[in-house]
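With compact mmCIF, C-alpha atoms inside, this is model07.txt:
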```txt
# COMPACT_ATOMS: atom_id res chain seq x y z
CA MET A 1150 -72.94 -10.21 -21.22
CA SER A 1151 -70.70 -13.20 -21.84
CA THR A 1152 -69.58 -15.58 -19.08
CA ALA A 1153 -65.94 -14.49 -19.54
CA ILE A 1154 -66.87 -10.84 -19.05
CA LYS A 1155 -68.96 -11.62 -15.96
CA LYS A 1156 -66.10 -13.66 -14.49
CA HIS A 1157 -63.54 -10.95 -15.17
CA LEU A 1158 -65.74 -8.16 -13.82
CA GLY A 1159 -66.22 -10.25 -10.70
CA GLU A 1160 -62.48 -10.02 -10.16
CA LEU A 1161 -62.89 -6.27 -9.59
CA ASN A 1162 -63.46 -7.16 -5.96
CA ASN A 1163 -59.67 -7.07 -5.83
CA LYS A 1164 -58.90 -3.99 -3.71
CA TYR A 1165 -55.96 -2.94 -5.88
CA ALA A 1166 -57.86 -3.23 -9.18
CA ARG A 1167 -60.78 -1.21 -7.84
CA ALA A 1168 -58.49 1.50 -6.48
CA ARG A 1169 -56.64 1.72 -9.82
CA PHE A 1170 -59.84 2.03 -11.87
CA GLU A 1171 -61.36 4.55 -9.45
CA LYS A 1172 -58.23 6.71 -9.60
CA ILE A 1173 -58.06 6.56 -13.42
CA ALA A 1174 -61.77 7.36 -13.79
CA SER A 1175 -61.48 10.33 -11.43
CA GLN A 1176 -58.80 11.86 -13.67
CA ALA A 1177 -60.62 11.39 -17.00
CA LYS A 1178 -61.73 14.50 -18.85
CA PRO A 1179 -65.34 14.86 -20.03
CA GLY A 1180 -65.73 13.85 -23.67
CA ARG A 1181 -64.41 10.85 -25.57
CA LEU A 1182 -62.30 8.32 -23.68
CA LEU A 1183 -60.36 5.48 -25.33
CA ASP A 1184 -59.35 2.53 -23.15
CA VAL A 1185 -56.38 0.95 -24.96
CA GLY A 1186 -55.93 -2.70 -24.07
CA GLY A 1187 -58.89 -2.48 -21.70
CA TYR A 1188 -59.90 -6.16 -22.18
CA VAL A 1189 -63.62 -6.25 -21.28
CA GLY A 1190 -64.08 -2.63 -20.31
CA GLU A 1191 -63.69 -2.76 -16.54
CA LEU A 1192 -62.92 0.96 -16.53
CA ARG A 1193 -66.33 1.69 -18.05
CA ARG A 1194 -67.98 0.81 -14.73
CA PHE A 1195 -66.07 3.61 -12.99
CA VAL A 1196 -66.32 6.57 -15.40
CA CYS A 1197 -69.26 8.93 -15.32
CA GLN A 1198 -71.36 7.69 -18.26
CA SER A 1199 -73.11 11.05 -18.64
CA GLN A 1200 -69.82 12.89 -19.12
CA VAL A 1201 -67.66 10.29 -20.87
CA ASP A 1202 -68.25 8.61 -24.22
CA TYR A 1203 -66.35 5.35 -23.61
CA TYR A 1204 -64.52 3.41 -26.34
CA LEU A 1205 -62.42 0.28 -25.95
CA ILE A 1206 -59.84 -1.49 -28.09
CA ASP A 1207 -58.23 -4.81 -27.21
CA ARG A 1208 -57.00 -7.86 -29.09
CA ASP A 1209 -59.25 -10.21 -27.15
CA GLU A 1210 -62.56 -11.19 -28.82
CA GLU A 1211 -64.42 -10.28 -25.61
CA ALA A 1212 -63.71 -6.59 -26.32
CA GLY A 1213 -66.07 -6.78 -29.30
CA LYS A 1214 -68.95 -7.69 -26.98
CA VAL A 1215 -68.65 -4.41 -25.06
CA PRO A 1216 -70.58 -1.34 -26.32
CA ASN A 1217 -68.14 0.73 -28.43
CA GLY A 1218 -65.63 -2.10 -28.05
CA PHE A 1219 -63.37 -2.99 -30.97
CA VAL A 1220 -61.18 -6.04 -31.47
CA VAL A 1221 -57.82 -4.68 -32.62
CA ASP A 1222 -54.43 -6.36 -32.44
CA LEU A 1223 -52.21 -3.63 -31.01
CA GLN A 1224 -49.12 -5.46 -32.31
CA GLU A 1225 -50.26 -5.46 -35.94
CA LYS A 1226 -52.57 -2.48 -36.58
CA ASP A 1227 -51.89 1.22 -36.33
CA ILE A 1228 -54.63 2.15 -33.87
CA SER A 1229 -54.57 5.78 -35.01
CA THR A 1230 -56.35 4.58 -38.18
CA VAL A 1231 -59.25 2.92 -36.36
CA PHE A 1232 -61.22 6.08 -35.53
CA ASP A 1233 -61.84 9.18 -37.63
CA PHE A 1234 -62.00 11.43 -34.56
CA LYS A 1235 -59.73 12.26 -31.62
CA PHE A 1236 -60.06 11.58 -27.92
CA ASP A 1237 -60.09 13.85 -24.89
CA THR A 1238 -58.65 11.09 -22.70
CA ILE A 1239 -56.72 7.97 -23.64
CA VAL A 1240 -55.96 5.34 -21.01
CA ALA A 1241 -53.28 2.66 -21.16
CA SER A 1242 -53.65 0.67 -17.96
CA CYS A 1243 -51.00 -1.92 -17.13
CA MET A 1244 -50.41 -2.81 -20.77
CA LEU A 1245 -47.50 -0.84 -22.21
CA ASP A 1246 -45.04 -3.41 -20.91
CA ILE A 1247 -46.78 -6.28 -22.72
CA VAL A 1248 -46.76 -4.88 -26.27
CA PHE A 1249 -43.78 -5.55 -28.51
CA ASP A 1250 -43.19 -1.91 -29.44
CA PRO A 1251 -44.45 0.49 -26.75
CA GLU A 1252 -42.75 3.46 -28.45
CA SER A 1253 -44.76 2.90 -31.63
CA LEU A 1254 -47.98 2.54 -29.64
CA VAL A 1255 -47.32 5.77 -27.73
CA THR A 1256 -46.66 7.56 -31.05
CA GLN A 1257 -50.02 6.30 -32.34
CA ILE A 1258 -51.73 7.43 -29.14
CA LYS A 1259 -50.28 10.95 -29.51
CA LYS A 1260 -51.91 11.18 -32.96
CA MET A 1261 -55.28 10.27 -31.47
CA LEU A 1262 -55.29 12.82 -28.63
CA GLU A 1263 -57.01 16.17 -28.84
CA LYS A 1264 -54.59 19.10 -28.56
CA ASP A 1265 -55.34 19.50 -24.85
CA GLY A 1266 -56.00 15.77 -24.40
CA LEU A 1267 -54.94 13.71 -21.42
CA PHE A 1268 -52.99 10.45 -21.61
CA ILE A 1269 -53.44 8.43 -18.41
CA VAL A 1270 -51.01 5.58 -17.87
CA SER A 1271 -51.05 2.95 -15.17
CA ILE A 1272 -47.93 0.86 -14.76
CA ASP A 1273 -47.05 -2.08 -12.55
CA ASN A 1274 -44.01 -2.07 -10.33
CA ASP A 1275 -42.17 -5.34 -10.88
CA ASN A 1276 -39.12 -3.95 -9.08
CA THR A 1277 -40.42 -4.26 -5.54
CA ILE A 1278 -38.32 -5.99 -2.89
CA ASN A 1279 -40.79 -8.90 -3.05
CA HIS A 1280 -40.24 -9.34 -6.80
CA ARG A 1281 -36.47 -8.99 -6.44
CA MET A 1282 -36.38 -11.64 -3.70
CA ARG A 1283 -38.41 -14.03 -5.86
CA VAL A 1284 -35.88 -13.59 -8.69
CA LEU A 1285 -32.93 -13.93 -6.29
CA PHE A 1286 -34.27 -17.27 -5.04
CA GLY A 1287 -34.98 -18.59 -8.54
CA LYS A 1288 -38.77 -18.30 -8.47
CA GLY A 1289 -39.12 -15.61 -11.15
CA ILE A 1290 -41.20 -12.49 -10.87
CA ASN A 1291 -44.38 -14.51 -11.26
CA LYS A 1292 -45.48 -18.04 -12.07
CA THR A 1293 -46.74 -17.42 -15.63
CA PRO A 1294 -43.87 -15.78 -17.56
CA PHE A 1295 -44.88 -17.35 -20.87
CA ASN A 1296 -48.52 -16.26 -20.73
CA ILE A 1297 -49.42 -14.19 -23.80
CA TYR A 1298 -50.38 -11.23 -21.58
CA TYR A 1299 -47.25 -11.38 -19.43
CA HIS A 1300 -44.93 -8.43 -19.05
CA LEU A 1301 -42.12 -8.39 -21.63
CA ARG A 1302 -40.07 -5.81 -19.79
CA HIS A 1303 -39.69 -4.67 -16.21
CA PRO A 1304 -38.60 -1.02 -16.14
CA THR A 1305 -38.31 1.00 -12.97
CA PHE A 1306 -40.59 3.99 -12.45
CA LYS A 1307 -37.67 6.31 -13.26
CA GLN A 1308 -37.15 4.49 -16.58
CA TRP A 1309 -40.87 4.78 -17.39
CA PHE A 1310 -40.83 8.50 -16.64
CA GLY A 1311 -37.81 8.94 -18.95
CA PHE A 1312 -39.59 6.93 -21.66
CA PHE A 1313 -42.67 9.18 -21.60
CA GLU A 1314 -40.63 12.38 -21.55
CA ALA A 1315 -38.47 11.12 -24.45
CA ASN A 1316 -41.69 10.51 -26.39
CA GLY A 1317 -42.96 14.05 -25.94
CA PHE A 1318 -45.19 13.78 -22.87
CA LYS A 1319 -44.98 16.10 -19.89
CA LEU A 1320 -45.69 14.33 -16.64
CA LYS A 1321 -48.28 16.41 -14.82
CA LYS A 1322 -49.18 14.15 -11.96
CA ILE A 1323 -47.69 11.00 -10.50
CA GLU A 1324 -49.73 8.99 -8.04
CA TYR A 1325 -49.05 5.65 -6.42
CA THR A 1326 -51.68 3.09 -5.49
CA ILE A 1327 -50.83 0.35 -3.05
```
Could the structure of this file be written out as structure tokens, please?
Amino acid sequence: MSTAIKKHLGELNNKYARARFEKIASQAKPGRLLDVGGYVGELRRFVCQSQVDYYLIDRDEEAGKVPNGFVVDLQEKDISTVFDFKFDTIVASCMLDIVFDPESLVTQIKKMLEKDGLFIVSIDNDNTINHRMRVLFGKGINKTPFNIYYHLRHPTFKQWFGFFEANGFKLKKIEYTI
């Protein structure tokens, strides 16, 4: 395991990150799971390995060091052409707001899902009162707005829900993690 992966997995001590991964893993269906934009496969540590065949795609080179991990630039490649099989669960955790064209990515994901497949999405809430106060006082939502992995858009939850419904997904369950 590379030093970068060890360092990043060490950050899972963050209470919020652990809660998010535990919640996502608990919802996953048995069978094939694709973690889209999953960086170094943190989610893998939380899914039941005997029931889930875990796959990962991410643009970072570290993804290629993870078992069943593939280095794929989500901005440039149609991910629905990467695998010749479909997935029972596809996860997009805190990444749809950092890709240039989330609608195209969601369309690709729909092609990759089994007929009764599950698409699990985790989104950040950059519209909290804390974030709004930071913007009001000229500090920005966060200190690294030009980082390559920074959020390009900041929709509300209601806007996200409308986005998924407009792209053919029925919202079955909405849960909040604080």
May I have the residues within 6 Å of stretch 1189-1199 of chain A as a JSON list (two decimals) with C-alpha atoms, in the frame of the given file, using all atoms listed in the file and disregarding those fewer than 3 positions away in the same chain?
```
[["chain", "number", "residue", "atom", "x", "y", "z"],
["A", 1170, "PHE", "CA", -59.84, 2.03, -11.87],
["A", 1171, "GLU", "CA", -61.36, 4.55, -9.45],
["A", 1174, "ALA", "CA", -61.77, 7.36, -13.79],
["A", 1211, "GLU", "CA", -64.42, -10.28, -25.61],
["A", 1212, "ALA", "CA", -63.71, -6.59, -26.32]]
```
Selection near A:Pro1251, 12 Å with only C-alpha atoms, sequence-local residues under 4 positions removed, as JSON, numbers by chain: {"A": [1223, 1224, 1241, 1243, 1244, 1245, 1246, 1247, 1255, 1256, 1257, 1258, 1300, 1301, 1302, 1309, 1312, 1313, 1316]}
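For the pair atom CA of A:Asp1237 and atom CA of A:Lys1260, the interatomic distance is 11.8 Å.
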Å distance separating atom CA of A:Lys1259 from atom CA of A:Asp1233, one decimal place: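 One can read the atom CA of A:Lys1259 to atom CA of A:Asp1233 distance as 14.2 Å.
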Distance in Å - atom CA of A:Ala1168 versus atom CA of A:Val1201: 19.2 Å
Within 7 Å of A:Lys1235 using all atoms listed in the file, minus same-chain residues under 5 positions, as an MDAnalysis selection string: chainID A and resid 1261:1263
Counting only C-alpha atoms, the residue of A:Phe1236, A:Phe1219, A:Phe1310, A:Tyr1165 that sits nearest A:Phe1268: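 Result for the nearest residue to A:Phe1268: A:Phe1236.
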From A:Pro1304, A:Leu1267, A:Gly1213, A:Gly1311, residue lying nearest A:Arg1181 [only C-alpha atoms]: A:Leu1267
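Of the residues listed (A:Leu1254, A:Ile1228, A:Leu1205, A:Ile1323), A:Ile1323 shows the shortest atom-to-atom separation from A:Ile1173; distances use only C-alpha atoms.
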Nearby residues (all atoms listed in the file) at most 7 Å from A:Val1221, same-chain spacing under 3 positions excluded, as a PyMOL selection string: chain A and resi 1206-1208+1226
Nearest to A:Ala1315, chosen from A:Glu1252, A:Thr1230, A:Val1270, A:Lys1264, with all atoms listed in the file counted in the distances: A:Glu1252
Kindly add N, CA and C atoms to the incomplete stretch 1213-1229 of chain A and provide the output as a PDB file, in the frame of the given file.
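Done, and the output landed in part-v1.pdb:
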```pdb
ATOM      1  N   GLY A1213     -65.030  -7.048 -28.311  1.00  0.00           N
ATOM      2  CA  GLY A1213     -66.070  -6.780 -29.300  1.00  0.00           C
ATOM      3  C   GLY A1213     -67.480  -6.932 -28.768  1.00  0.00           C
ATOM      4  N   LYS A1214     -67.626  -7.507 -27.589  1.00  0.00           N
ATOM      5  CA  LYS A1214     -68.950  -7.690 -26.980  1.00  0.00           C
ATOM      6  C   LYS A1214     -69.336  -6.534 -26.075  1.00  0.00           C
ATOM      7  N   VAL A1215     -68.420  -5.587 -25.908  1.00  0.00           N
ATOM      8  CA  VAL A1215     -68.650  -4.410 -25.060  1.00  0.00           C
ATOM      9  C   VAL A1215     -69.156  -3.273 -25.949  1.00  0.00           C
ATOM     10  N   PRO A1216     -70.153  -2.491 -25.502  1.00  0.00           N
ATOM     11  CA  PRO A1216     -70.580  -1.340 -26.320  1.00  0.00           C
ATOM     12  C   PRO A1216     -69.393  -0.442 -26.656  1.00  0.00           C
ATOM     13  N   ASN A1217     -69.271  -0.053 -27.922  1.00  0.00           N
ATOM     14  CA  ASN A1217     -68.140   0.730 -28.430  1.00  0.00           C
ATOM     15  C   ASN A1217     -66.803   0.014 -28.226  1.00  0.00           C
ATOM     16  N   GLY A1218     -66.849  -1.305 -28.187  1.00  0.00           N
ATOM     17  CA  GLY A1218     -65.630  -2.100 -28.050  1.00  0.00           C
ATOM     18  C   GLY A1218     -65.198  -2.626 -29.410  1.00  0.00           C
ATOM     19  N   PHE A1219     -63.903  -2.558 -29.684  1.00  0.00           N
ATOM     20  CA  PHE A1219     -63.370  -2.990 -30.970  1.00  0.00           C
ATOM     21  C   PHE A1219     -62.228  -3.967 -30.745  1.00  0.00           C
ATOM     22  N   VAL A1220     -62.241  -5.045 -31.527  1.00  0.00           N
ATOM     23  CA  VAL A1220     -61.180  -6.040 -31.470  1.00  0.00           C
ATOM     24  C   VAL A1220     -60.081  -5.573 -32.418  1.00  0.00           C
ATOM     25  N   VAL A1221     -58.944  -5.205 -31.851  1.00  0.00           N
ATOM     26  CA  VAL A1221     -57.820  -4.680 -32.620  1.00  0.00           C
ATOM     27  C   VAL A1221     -56.542  -5.267 -32.042  1.00  0.00           C
ATOM     28  N   ASP A1222     -55.715  -5.849 -32.898  1.00  0.00           N
ATOM     29  CA  ASP A1222     -54.430  -6.360 -32.440  1.00  0.00           C
ATOM     30  C   ASP A1222     -53.439  -5.203 -32.397  1.00  0.00           C
ATOM     31  N   LEU A1223     -53.087  -4.784 -31.194  1.00  0.00           N
ATOM     32  CA  LEU A1223     -52.210  -3.630 -31.010  1.00  0.00           C
ATOM     33  C   LEU A1223     -50.804  -3.870 -31.554  1.00  0.00           C
ATOM     34  N   GLN A1224     -50.449  -5.132 -31.781  1.00  0.00           N
ATOM     35  CA  GLN A1224     -49.120  -5.460 -32.310  1.00  0.00           C
ATOM     36  C   GLN A1224     -49.079  -5.290 -33.829  1.00  0.00           C
ATOM     37  N   GLU A1225     -50.239  -5.403 -34.477  1.00  0.00           N
ATOM     38  CA  GLU A1225     -50.260  -5.460 -35.940  1.00  0.00           C
ATOM     39  C   GLU A1225     -50.926  -4.265 -36.613  1.00  0.00           C
ATOM     40  N   LYS A1226     -51.816  -3.562 -35.934  1.00  0.00           N
ATOM     41  CA  LYS A1226     -52.570  -2.480 -36.580  1.00  0.00           C
ATOM     42  C   LYS A1226     -52.214  -1.138 -35.961  1.00  0.00           C
ATOM     43  N   ASP A1227     -52.093  -0.145 -36.793  1.00  0.00           N
ATOM     44  CA  ASP A1227     -51.890   1.220 -36.330  1.00  0.00           C
ATOM     45  C   ASP A1227     -53.225   1.704 -35.785  1.00  0.00           C
ATOM     46  N   ILE A1228     -53.339   1.820 -34.473  1.00  0.00           N
ATOM     47  CA  ILE A1228     -54.630   2.150 -33.870  1.00  0.00           C
ATOM     48  C   ILE A1228     -55.079   3.566 -34.212  1.00  0.00           C
ATOM     49  N   SER A1229     -54.158   4.411 -34.665  1.00  0.00           N
ATOM     50  CA  SER A1229     -54.570   5.780 -35.010  1.00  0.00           C
ATOM     51  C   SER A1229     -55.406   5.806 -36.285  1.00  0.00           C
TER      52      SER A1229
END
```
